Amino acid sequence: MAGHSIQDKIEDLNKKKQEAQHAGSKRSVERQHSQGKMTARERIDYLVDEGSFQELDMLARHRAHGMGIEKNRPYTDGVITGFGIIEGRKVCVFSQDFTVFGGALGEVFAEKIHKIMDLAASMGVPMIGLNDGAGARIQEGVVSLASYGKIFHRNVRNSGVIPQISVILGPCAGGAVYSPAMTDFIFMVHETSHMFITGPDVVKTVTGEEVTLEELGGAMSHATKSGVATFVSADEKACLDEVKYLLSFLPANNLEESPVVECDDDPERLCPELIDLIPNSSNIPYDMRKVVSSVVDDGDLLEYFPNWGTSLICGFARLNGRAVGIVGNQPQVLAGVLNIESSEKGARFVRTCDSFNIPLITFVDVPGFMPGTDQEYGGIIRHGAKLLYSYCEATVPRIQVITRKAYGGAYVVMDSKSIGSDLAYAWPSAELAVMGPQGAVEIVHRRELSDAADADEQRAKLVDEYTEKFSNPYLAAERGFIDDVIDPKDTRKVLIKSLEMISTKREELPRRKHGNMPL
């Protein structure tokens with residue numbers, strides 16, 4: 001190119017960039033669209049604010065040899081990386097390109113991801129990964145496996161430092177699933193995204209099981225059974241909209257607070273509808289979601305794992321414009337008990353909020369832990385301890401509101417004052433006790449009931465007495481285990497006032513590498 005003018009050189013650059021922007025064949029782009037999927041670039045354009053994306057490593061190409069791969073060296077190498085703005089806030093993004101090598105990861109592809117992850121960490125901004133690829137690039141062998149390892153290592157190093165979001169928009173198999181698994185949130189799309197360690201063919205060969213792709217690794221399988229997919233959307237655009245919505249609740253990194261938004265919902269607003277919500281009998285369920293939507297700004301709750309561990313509700317909301325994490329037992333599902341799934345879900349959510357300085361509001365209506373051999377053998381002790389550990393470890397502002405049942409160890413676990421909750425409130429309908437009236441009477445009065453001729457009559461009388469004495473919040477209030485008994489209609493007002501007060505909370509942690517959580 002000696003003697004060529006700068007204009008010639010610019011034209012050459014534009015030609016190369018043009019090639020990079022159309023690295024996949026026309027046919028592969030058409031196939032992508034025919035499956036209801038956007039291309040890697042279309043996804044980025046939809047996700048970030050218009051004109052804000054700055055691409056990096058656009059002209060990177062692989063340098064591998066073998067199996068004929070050296071004859072095909074497209075620019076970008078199958079992944080688009082860069083930084084941009086989402087609703088005014090900085091983010092880093094990578095988007096895997098299924099139209100180039102089927103989105104399979106090789107050395108250069110991975111180096112681009114390593115580089116953007118490092119940039120996100122050093123700038124302190126969220127890292128969003130749009131995944132749509134076939135896993136490790138077979139032609140590059142062990143190099144691509146080692147390249148995955150370096151992604152995993154960064155996932156862990158950045159964990160709890162910057163939000164890491166994985167969006168699964170196509171296949172995600174083998175080693176490729178482990179990076180999303182270590183990020184904070186996983187989004188999937190109905191029908192078009194799949195995650196599995198081994199595909200249906202291998203499953204059939206090894207175990208003899210016949211299973212479809214959708215059953216094995218589809219969005220709803222992971223949203224309802226495995227607890228892998230945090231959020232599921234009907235299509236890609238809805239999915240990317242949800243990513244933007246989630247980001248609005250999160251700070252850019254662990255040293256910042258979440259953005260406070262302008263709030264039109266009156267902080268002094270009363271919630272009279274809560275008074276009629278609690279049934280007269282404590283055995284009748286009600287919907288804890290209604291409690292939450294009555295109290296939070298504009299009734300908005302972004303639910304976390306809405307289809308898994310459903311006896312516990314978790315999600316992000318706002319109180320007077322400030323982001324909060326909501327945890328609440330759901331009496332409509334298994335009476336709101338804590339079981340293996342809901343304990344794990346709650347533990348993970350509490351730790352996520354704690355990592356990113358999001359205050360926790362916990363609504364309690366819990367009859368206990370789920371009994372049964374499948375729960376005991378499945379390790380309910382260990383899993384329940386995860387939720388307990390997460391709350392004990394959390395240093396963010398924490399407020400507990402007891403709406404009804406608060407029985408036994410499960411009450412203690414649900415962010416009680418004794419494990420470090422800053423403020424604990426109860427409604428007059430609250431029942432704080434070691435166990436429910438029937439069980440307590442059977443144990444305490446076992447002998448006299450077994451000898452009594454009129455045992456049923458006697459039992460009913462004792463249950464009434466126990467209920468009168470213990471099924472209320474006042475013994476706990478006398479001892480200071482709860483800070484105040486409040487009228488349900490004042491809940492929003494009290495929470496906002498309390499949150500303002502404790503928002504400056506600081507806690508010094510003991511020096512250690514990390515605690516040994518009961519995993």
# chains A, B, ... in the order shown; residues from 1 in each chain; ligands from 1
call {"tool": "residues_around", "arguments": {"residues": "A:Gly160", "least_positions_apart": "6", "cutoff": "8 Å", "atoms": "only C-alpha atoms", "output": "PyMOL selection string"}}
result
chain A and resi 254+352+355-356
call {"tool": "write_last_selection", "arguments": {"atoms": "C-alpha atoms", "output": "compact mmCIF listing (two decimals), in the first residue's frame"}}
result
# COMPACT_ATOMS: atom_id res chain seq x y z
CA ASN A 254 -20.82 -2.83 44.63
CA THR A 352 -27.61 -10.82 45.48
CA SER A 355 -23.80 -7.78 47.17
CA PHE A 356 -25.30 -4.74 45.48
call {"tool": "residues_around", "arguments": {"residues": "A:Ile86", "least_positions_apart": "6", "cutoff": "9 Å", "atoms": "only C-alpha atoms", "output": "PyMOL selection string"}}
result
chain A and resi 47-49+52+244+247
call {"tool": "residues_around", "arguments": {"residues": "A:Ser281", "least_positions_apart": "2", "cutoff": "12 Å", "atoms": "only C-alpha atoms", "output": "PyMOL selection string"}}
result
chain A and resi 277-279+283-286+404-405+429+467+471
call {"tool": "select_by_dssp", "arguments": {"residues": "stretch 41-208 of chain A", "states": "helix (DSSP H, G or I)", "output": "MDAnalysis selection string"}}
result
chainID A and resid 41:47 69:71 101:103 107:123 138:158 174:182 200:207
call {"tool": "residues_around", "arguments": {"residues": "A:Gly36", "least_positions_apart": "5", "cutoff": "10 Å", "atoms": "only C-alpha atoms", "output": "PyMOL selection string"}}
result
chain A and resi 31+191-192+235-236
call {"tool": "residues_around", "arguments": {"residues": "A:Phe363", "least_positions_apart": "2", "cutoff": "7 Å", "atoms": "only C-alpha atoms", "output": "PyMOL selection string"}}
result
chain A and resi 327-329+361+365+400-403
call {"tool": "write_last_selection", "arguments": {"atoms": "C-alpha atoms", "output": "PDB file, in the first residue's frame"}}
result
ATOM      1  CA  VAL A 327     -38.891 -11.476  50.241  1.00  0.00           C
ATOM      2  CA  GLY A 328     -42.234 -12.879  51.398  1.00  0.00           C
ATOM      3  CA  ASN A 329     -43.776 -16.240  52.275  1.00  0.00           C
ATOM      4  CA  ILE A 361     -37.906  -5.993  53.193  1.00  0.00           C
ATOM      5  CA  ASP A 365     -46.260 -15.628  57.217  1.00  0.00           C
ATOM      6  CA  GLN A 400     -39.103  -7.506  58.833  1.00  0.00           C
ATOM      7  CA  VAL A 401     -42.916  -7.281  58.724  1.00  0.00           C
ATOM      8  CA  ILE A 402     -44.845 -10.175  60.299  1.00  0.00           C
ATOM      9  CA  THR A 403     -48.313 -10.360  58.769  1.00  0.00           C
TER      10      THR A 403
END
call {"tool": "residues_around", "arguments": {"residues": "stretch 390-392 of chain A", "least_positions_apart": "3", "cutoff": "7 Å", "atoms": "only C-alpha atoms", "output": "list in words"}}
result
Ala347, Val350, Arg351, Lys386, Leu387, Asp415, Ile419 and Gly420 of chain A
call {"tool": "select_by_dssp", "arguments": {"residues": "stretch 95-300 of chain A", "states": "strand (DSSP E)", "output": "number ranges by chain"}}
result
A: 95-96, 127-131, 164-168, 171-173, 185-189, 194-196, 231-233
call {"tool": "write_last_selection", "arguments": {"atoms": "N, CA and C atoms", "output": "compact mmCIF listing (two decimals), in the first residue's frame"}}
result
# COMPACT_ATOMS: atom_id res chain seq x y z
N SER A 95 -21.93 -10.23 22.40
CA SER A 95 -23.06 -10.86 21.74
C SER A 95 -22.52 -11.94 20.80
N GLN A 96 -22.80 -13.20 21.11
CA GLN A 96 -22.30 -14.30 20.30
C GLN A 96 -23.07 -14.38 18.99
N MET A 127 -21.90 -6.17 33.25
CA MET A 127 -21.46 -6.97 32.11
C MET A 127 -22.64 -7.81 31.63
N ILE A 128 -23.05 -7.60 30.39
CA ILE A 128 -24.19 -8.34 29.84
C ILE A 128 -23.69 -9.27 28.74
N GLY A 129 -23.98 -10.56 28.87
CA GLY A 129 -23.57 -11.53 27.86
C GLY A 129 -24.79 -12.04 27.11
N LEU A 130 -24.81 -11.86 25.78
CA LEU A 130 -25.89 -12.39 24.96
C LEU A 130 -25.37 -13.69 24.34
N ASN A 131 -25.87 -14.82 24.82
CA ASN A 131 -25.32 -16.12 24.46
C ASN A 131 -26.14 -16.80 23.38
N GLN A 164 -23.55 -9.16 36.77
CA GLN A 164 -23.27 -9.96 35.57
C GLN A 164 -24.58 -10.61 35.14
N ILE A 165 -24.98 -10.33 33.90
CA ILE A 165 -26.28 -10.79 33.40
C ILE A 165 -26.06 -11.66 32.17
N SER A 166 -26.65 -12.86 32.19
CA SER A 166 -26.55 -13.76 31.03
C SER A 166 -27.91 -13.87 30.35
N VAL A 167 -27.91 -13.65 29.04
CA VAL A 167 -29.14 -13.75 28.27
C VAL A 167 -28.95 -14.91 27.29
N ILE A 168 -29.74 -15.96 27.45
CA ILE A 168 -29.59 -17.15 26.61
C ILE A 168 -30.58 -17.02 25.45
N PRO A 171 -28.78 -21.99 21.57
CA PRO A 171 -28.26 -23.14 22.31
C PRO A 171 -27.14 -22.72 23.26
N CYS A 172 -27.03 -23.41 24.37
CA CYS A 172 -25.95 -23.15 25.33
C CYS A 172 -25.68 -24.50 25.98
N ALA A 173 -24.59 -25.16 25.55
CA ALA A 173 -24.40 -26.55 25.96
C ALA A 173 -23.00 -26.81 26.47
N PHE A 185 -27.83 -13.29 37.07
CA PHE A 185 -29.18 -13.50 36.54
C PHE A 185 -29.10 -14.20 35.19
N ILE A 186 -30.02 -15.12 34.95
CA ILE A 186 -30.09 -15.79 33.65
C ILE A 186 -31.47 -15.56 33.04
N PHE A 187 -31.48 -15.01 31.83
CA PHE A 187 -32.72 -14.79 31.08
C PHE A 187 -32.81 -15.85 29.99
N MET A 188 -34.00 -16.41 29.78
CA MET A 188 -34.20 -17.34 28.67
C MET A 188 -35.46 -16.96 27.89
N VAL A 189 -35.57 -17.49 26.66
CA VAL A 189 -36.72 -17.21 25.79
C VAL A 189 -37.42 -18.52 25.48
N HIS A 194 -31.99 -22.88 24.80
CA HIS A 194 -31.83 -24.16 25.49
C HIS A 194 -30.51 -24.20 26.23
N MET A 195 -30.53 -24.78 27.43
CA MET A 195 -29.29 -24.98 28.19
C MET A 195 -29.25 -26.43 28.67
N PHE A 196 -28.12 -27.07 28.46
CA PHE A 196 -27.95 -28.41 29.04
C PHE A 196 -26.47 -28.77 29.04
N PHE A 231 -35.44 -15.53 34.74
CA PHE A 231 -36.55 -14.86 34.05
C PHE A 231 -36.77 -15.53 32.69
N VAL A 232 -38.04 -15.68 32.31
CA VAL A 232 -38.36 -16.26 31.00
C VAL A 232 -39.28 -15.31 30.25
N SER A 233 -38.99 -15.11 28.95
CA SER A 233 -39.82 -14.21 28.14
C SER A 233 -40.37 -14.93 26.92
call {"tool": "atom_distance", "arguments": {"atom1": "atom CA of A:Lys90", "atom2": "atom CA of A:Glu50"}}
result
13.1 Å
call {"tool": "residues_around", "arguments": {"residues": "A:Ser293", "least_positions_apart": "6", "cutoff": "12 Å", "atoms": "only C-alpha atoms", "output": "number ranges by chain"}}
result
A: 271, 273-274, 287, 299-303, 313, 315-319, 326, 328, 491-492
call {"tool": "closest_residue", "arguments": {"among": "A:Lys237, A:His153, A:His514, A:His4", "to": "A:Glu393", "atoms": "only C-alpha atoms"}}
result
A:His514
call {"tool": "closest_residue", "arguments": {"among": "A:Arg322, A:Arg446, A:Lys513, A:Arg348", "to": "A:Gly384", "atoms": "only C-alpha atoms"}}
result
A:Arg348
call {"tool": "atom_distance", "arguments": {"atom1": "atom CA of A:Arg289", "atom2": "atom CA of A:Val333"}}
result
11.7 Å
call {"tool": "decode", "arguments": {"residues": "stretch 282-433 of chain A", "atoms": "C-alpha atoms", "output": "PDB file, in the first residue's frame"}}
result
ATOM      1  CA  SER A 282     -55.327 -18.551  60.141  1.00  0.00           C
ATOM      2  CA  ASN A 283     -55.814 -21.697  58.037  1.00  0.00           C
ATOM      3  CA  ILE A 284     -57.228 -19.798  55.067  1.00  0.00           C
ATOM      4  CA  PRO A 285     -54.657 -18.647  52.462  1.00  0.00           C
ATOM      5  CA  TYR A 286     -54.355 -15.189  50.895  1.00  0.00           C
ATOM      6  CA  ASP A 287     -52.038 -13.800  48.223  1.00  0.00           C
ATOM      7  CA  MET A 288     -48.836 -12.252  49.609  1.00  0.00           C
ATOM      8  CA  ARG A 289     -48.313 -10.603  46.202  1.00  0.00           C
ATOM      9  CA  LYS A 290     -51.310  -8.401  47.014  1.00  0.00           C
ATOM     10  CA  VAL A 291     -49.615  -7.267  50.225  1.00  0.00           C
ATOM     11  CA  VAL A 292     -46.456  -6.409  48.311  1.00  0.00           C
ATOM     12  CA  SER A 293     -48.176  -4.596  45.438  1.00  0.00           C
ATOM     13  CA  SER A 294     -50.304  -2.610  47.881  1.00  0.00           C
ATOM     14  CA  VAL A 295     -47.219  -1.333  49.721  1.00  0.00           C
ATOM     15  CA  VAL A 296     -44.598  -0.683  46.999  1.00  0.00           C
ATOM     16  CA  ASP A 297     -44.470   2.211  44.522  1.00  0.00           C
ATOM     17  CA  ASP A 298     -47.142   1.880  41.813  1.00  0.00           C
ATOM     18  CA  GLY A 299     -47.674  -1.793  42.715  1.00  0.00           C
ATOM     19  CA  ASP A 300     -44.614  -2.772  40.619  1.00  0.00           C
ATOM     20  CA  LEU A 301     -42.686  -5.929  41.470  1.00  0.00           C
ATOM     21  CA  LEU A 302     -40.091  -7.552  39.191  1.00  0.00           C
ATOM     22  CA  GLU A 303     -40.352 -11.117  40.407  1.00  0.00           C
ATOM     23  CA  TYR A 304     -37.220 -13.253  40.737  1.00  0.00           C
ATOM     24  CA  PHE A 305     -37.712 -16.944  39.790  1.00  0.00           C
ATOM     25  CA  PRO A 306     -41.514 -16.485  39.657  1.00  0.00           C
ATOM     26  CA  ASN A 307     -42.052 -20.131  38.632  1.00  0.00           C
ATOM     27  CA  TRP A 308     -39.647 -21.907  41.013  1.00  0.00           C
ATOM     28  CA  GLY A 309     -39.668 -22.233  44.808  1.00  0.00           C
ATOM     29  CA  THR A 310     -43.089 -20.595  44.665  1.00  0.00           C
ATOM     30  CA  SER A 311     -43.901 -20.828  48.383  1.00  0.00           C
ATOM     31  CA  LEU A 312     -41.525 -17.842  48.706  1.00  0.00           C
ATOM     32  CA  ILE A 313     -41.874 -14.638  46.687  1.00  0.00           C
ATOM     33  CA  CYS A 314     -38.714 -12.671  45.878  1.00  0.00           C
ATOM     34  CA  GLY A 315     -38.294  -9.645  43.663  1.00  0.00           C
ATOM     35  CA  PHE A 316     -37.259  -6.047  43.124  1.00  0.00           C
ATOM     36  CA  ALA A 317     -39.531  -3.095  43.831  1.00  0.00           C
ATOM     37  CA  ARG A 318     -39.267   0.525  44.959  1.00  0.00           C
ATOM     38  CA  LEU A 319     -40.281   2.440  48.050  1.00  0.00           C
ATOM     39  CA  ASN A 320     -40.415   6.207  47.500  1.00  0.00           C
ATOM     40  CA  GLY A 321     -38.184   5.775  44.440  1.00  0.00           C
ATOM     41  CA  ARG A 322     -35.518   3.714  46.227  1.00  0.00           C
ATOM     42  CA  ALA A 323     -34.845   0.135  45.045  1.00  0.00           C
ATOM     43  CA  VAL A 324     -35.561  -2.633  47.577  1.00  0.00           C
ATOM     44  CA  GLY A 325     -35.417  -6.420  47.545  1.00  0.00           C
ATOM     45  CA  ILE A 326     -38.687  -8.016  48.633  1.00  0.00           C
ATOM     46  CA  VAL A 327     -38.891 -11.476  50.241  1.00  0.00           C
ATOM     47  CA  GLY A 328     -42.234 -12.879  51.398  1.00  0.00           C
ATOM     48  CA  ASN A 329     -43.776 -16.240  52.275  1.00  0.00           C
ATOM     49  CA  GLN A 330     -46.669 -17.084  49.940  1.00  0.00           C
ATOM     50  CA  PRO A 331     -49.581 -18.625  51.949  1.00  0.00           C
ATOM     51  CA  GLN A 332     -51.263 -19.635  48.672  1.00  0.00           C
ATOM     52  CA  VAL A 333     -48.536 -22.217  47.952  1.00  0.00           C
ATOM     53  CA  LEU A 334     -48.008 -25.024  50.515  1.00  0.00           C
ATOM     54  CA  ALA A 335     -49.280 -22.580  53.185  1.00  0.00           C
ATOM     55  CA  GLY A 336     -46.058 -20.584  52.747  1.00  0.00           C
ATOM     56  CA  VAL A 337     -43.691 -23.212  54.192  1.00  0.00           C
ATOM     57  CA  LEU A 338     -39.972 -23.105  53.555  1.00  0.00           C
ATOM     58  CA  ASN A 339     -38.853 -26.125  51.540  1.00  0.00           C
ATOM     59  CA  ILE A 340     -35.608 -26.973  49.738  1.00  0.00           C
ATOM     60  CA  GLU A 341     -36.358 -24.923  46.625  1.00  0.00           C
ATOM     61  CA  SER A 342     -37.734 -21.823  48.317  1.00  0.00           C
ATOM     62  CA  SER A 343     -34.858 -21.787  50.844  1.00  0.00           C
ATOM     63  CA  GLU A 344     -32.296 -21.897  48.050  1.00  0.00           C
ATOM     64  CA  LYS A 345     -34.118 -19.267  46.030  1.00  0.00           C
ATOM     65  CA  GLY A 346     -34.362 -16.944  49.038  1.00  0.00           C
ATOM     66  CA  ALA A 347     -30.709 -17.464  49.970  1.00  0.00           C
ATOM     67  CA  ARG A 348     -29.514 -16.607  46.496  1.00  0.00           C
ATOM     68  CA  PHE A 349     -31.755 -13.529  46.318  1.00  0.00           C
ATOM     69  CA  VAL A 350     -30.722 -12.211  49.745  1.00  0.00           C
ATOM     70  CA  ARG A 351     -27.027 -12.561  48.838  1.00  0.00           C
ATOM     71  CA  THR A 352     -27.609 -10.821  45.484  1.00  0.00           C
ATOM     72  CA  CYS A 353     -29.257  -7.854  47.217  1.00  0.00           C
ATOM     73  CA  ASP A 354     -26.535  -7.756  49.855  1.00  0.00           C
ATOM     74  CA  SER A 355     -23.797  -7.776  47.173  1.00  0.00           C
ATOM     75  CA  PHE A 356     -25.301  -4.742  45.476  1.00  0.00           C
ATOM     76  CA  ASN A 357     -26.414  -2.621  48.456  1.00  0.00           C
ATOM     77  CA  ILE A 358     -30.133  -3.181  47.961  1.00  0.00           C
ATOM     78  CA  PRO A 359     -32.107  -2.998  51.264  1.00  0.00           C
ATOM     79  CA  LEU A 360     -34.246  -6.036  52.156  1.00  0.00           C
ATOM     80  CA  ILE A 361     -37.906  -5.993  53.193  1.00  0.00           C
ATOM     81  CA  THR A 362     -39.170  -9.378  54.443  1.00  0.00           C
ATOM     82  CA  PHE A 363     -42.881 -10.177  54.814  1.00  0.00           C
ATOM     83  CA  VAL A 364     -43.414 -13.132  57.146  1.00  0.00           C
ATOM     84  CA  ASP A 365     -46.260 -15.628  57.217  1.00  0.00           C
ATOM     85  CA  VAL A 366     -44.498 -18.924  57.790  1.00  0.00           C
ATOM     86  CA  PRO A 367     -45.879 -22.044  59.510  1.00  0.00           C
ATOM     87  CA  GLY A 368     -42.499 -23.807  59.474  1.00  0.00           C
ATOM     88  CA  PHE A 369     -40.208 -25.918  57.321  1.00  0.00           C
ATOM     89  CA  MET A 370     -41.683 -28.563  55.032  1.00  0.00           C
ATOM     90  CA  PRO A 371     -41.846 -31.987  56.776  1.00  0.00           C
ATOM     91  CA  GLY A 372     -41.290 -35.350  55.038  1.00  0.00           C
ATOM     92  CA  THR A 373     -38.635 -37.897  54.114  1.00  0.00           C
ATOM     93  CA  ASP A 374     -37.998 -36.426  50.654  1.00  0.00           C
ATOM     94  CA  GLN A 375     -37.227 -33.069  52.275  1.00  0.00           C
ATOM     95  CA  GLU A 376     -35.047 -34.553  55.032  1.00  0.00           C
ATOM     96  CA  TYR A 377     -33.135 -36.832  52.650  1.00  0.00           C
ATOM     97  CA  GLY A 378     -32.853 -33.994  50.140  1.00  0.00           C
ATOM     98  CA  GLY A 379     -31.098 -31.939  52.821  1.00  0.00           C
ATOM     99  CA  ILE A 380     -33.680 -29.403  54.009  1.00  0.00           C
ATOM    100  CA  ILE A 381     -31.409 -28.815  57.034  1.00  0.00           C
ATOM    101  CA  ARG A 382     -28.531 -27.816  54.767  1.00  0.00           C
ATOM    102  CA  HIS A 383     -30.685 -25.822  52.330  1.00  0.00           C
ATOM    103  CA  GLY A 384     -32.668 -24.075  55.070  1.00  0.00           C
ATOM    104  CA  ALA A 385     -29.323 -23.131  56.621  1.00  0.00           C
ATOM    105  CA  LYS A 386     -28.379 -21.367  53.371  1.00  0.00           C
ATOM    106  CA  LEU A 387     -31.251 -18.923  53.809  1.00  0.00           C
ATOM    107  CA  LEU A 388     -30.383 -18.448  57.474  1.00  0.00           C
ATOM    108  CA  TYR A 389     -26.702 -17.923  56.635  1.00  0.00           C
ATOM    109  CA  SER A 390     -27.517 -15.396  53.890  1.00  0.00           C
ATOM    110  CA  TYR A 391     -29.637 -13.249  56.185  1.00  0.00           C
ATOM    111  CA  CYS A 392     -27.092 -13.441  59.037  1.00  0.00           C
ATOM    112  CA  GLU A 393     -24.353 -12.373  56.638  1.00  0.00           C
ATOM    113  CA  ALA A 394     -26.286  -9.493  55.015  1.00  0.00           C
ATOM    114  CA  THR A 395     -25.163  -6.005  56.053  1.00  0.00           C
ATOM    115  CA  VAL A 396     -27.688  -4.007  53.998  1.00  0.00           C
ATOM    116  CA  PRO A 397     -30.603  -2.281  55.777  1.00  0.00           C
ATOM    117  CA  ARG A 398     -33.124  -5.012  56.718  1.00  0.00           C
ATOM    118  CA  ILE A 399     -36.762  -4.683  57.816  1.00  0.00           C
ATOM    119  CA  GLN A 400     -39.103  -7.506  58.833  1.00  0.00           C
ATOM    120  CA  VAL A 401     -42.916  -7.281  58.724  1.00  0.00           C
ATOM    121  CA  ILE A 402     -44.845 -10.175  60.299  1.00  0.00           C
ATOM    122  CA  THR A 403     -48.313 -10.360  58.769  1.00  0.00           C
ATOM    123  CA  ARG A 404     -49.561 -13.604  60.324  1.00  0.00           C
ATOM    124  CA  LYS A 405     -47.815 -16.872  61.263  1.00  0.00           C
ATOM    125  CA  ALA A 406     -44.264 -16.720  62.574  1.00  0.00           C
ATOM    126  CA  TYR A 407     -43.643 -20.200  63.961  1.00  0.00           C
ATOM    127  CA  GLY A 408     -40.526 -21.897  65.241  1.00  0.00           C
ATOM    128  CA  GLY A 409     -37.142 -21.921  63.526  1.00  0.00           C
ATOM    129  CA  ALA A 410     -38.696 -20.724  60.284  1.00  0.00           C
ATOM    130  CA  TYR A 411     -39.661 -17.428  62.004  1.00  0.00           C
ATOM    131  CA  VAL A 412     -36.066 -16.984  63.173  1.00  0.00           C
ATOM    132  CA  VAL A 413     -34.741 -17.683  59.656  1.00  0.00           C
ATOM    133  CA  MET A 414     -37.107 -15.149  58.024  1.00  0.00           C
ATOM    134  CA  ASP A 415     -34.915 -12.196  59.034  1.00  0.00           C
ATOM    135  CA  SER A 416     -35.933 -11.940  62.671  1.00  0.00           C
ATOM    136  CA  LYS A 417     -34.469  -9.331  64.998  1.00  0.00           C
ATOM    137  CA  SER A 418     -32.312 -12.000  66.646  1.00  0.00           C
ATOM    138  CA  ILE A 419     -30.340 -12.653  63.447  1.00  0.00           C
ATOM    139  CA  GLY A 420     -29.666  -9.007  62.759  1.00  0.00           C
ATOM    140  CA  SER A 421     -32.751  -7.429  61.211  1.00  0.00           C
ATOM    141  CA  ASP A 422     -32.559  -3.686  61.905  1.00  0.00           C
ATOM    142  CA  LEU A 423     -36.279  -3.182  62.463  1.00  0.00           C
ATOM    143  CA  ALA A 424     -39.066  -5.699  63.029  1.00  0.00           C
ATOM    144  CA  TYR A 425     -42.749  -4.789  62.761  1.00  0.00           C
ATOM    145  CA  ALA A 426     -45.863  -6.919  63.204  1.00  0.00           C
ATOM    146  CA  TRP A 427     -49.508  -6.537  62.296  1.00  0.00           C
ATOM    147  CA  PRO A 428     -52.078  -7.219  65.063  1.00  0.00           C
ATOM    148  CA  SER A 429     -52.860 -10.487  63.210  1.00  0.00           C
ATOM    149  CA  ALA A 430     -49.304 -11.754  63.832  1.00  0.00           C
ATOM    150  CA  GLU A 431     -48.813 -15.026  65.735  1.00  0.00           C
ATOM    151  CA  LEU A 432     -45.304 -15.497  67.125  1.00  0.00           C
ATOM    152  CA  ALA A 433     -44.924 -18.910  68.732  1.00  0.00           C
TER     153      ALA A 433
END
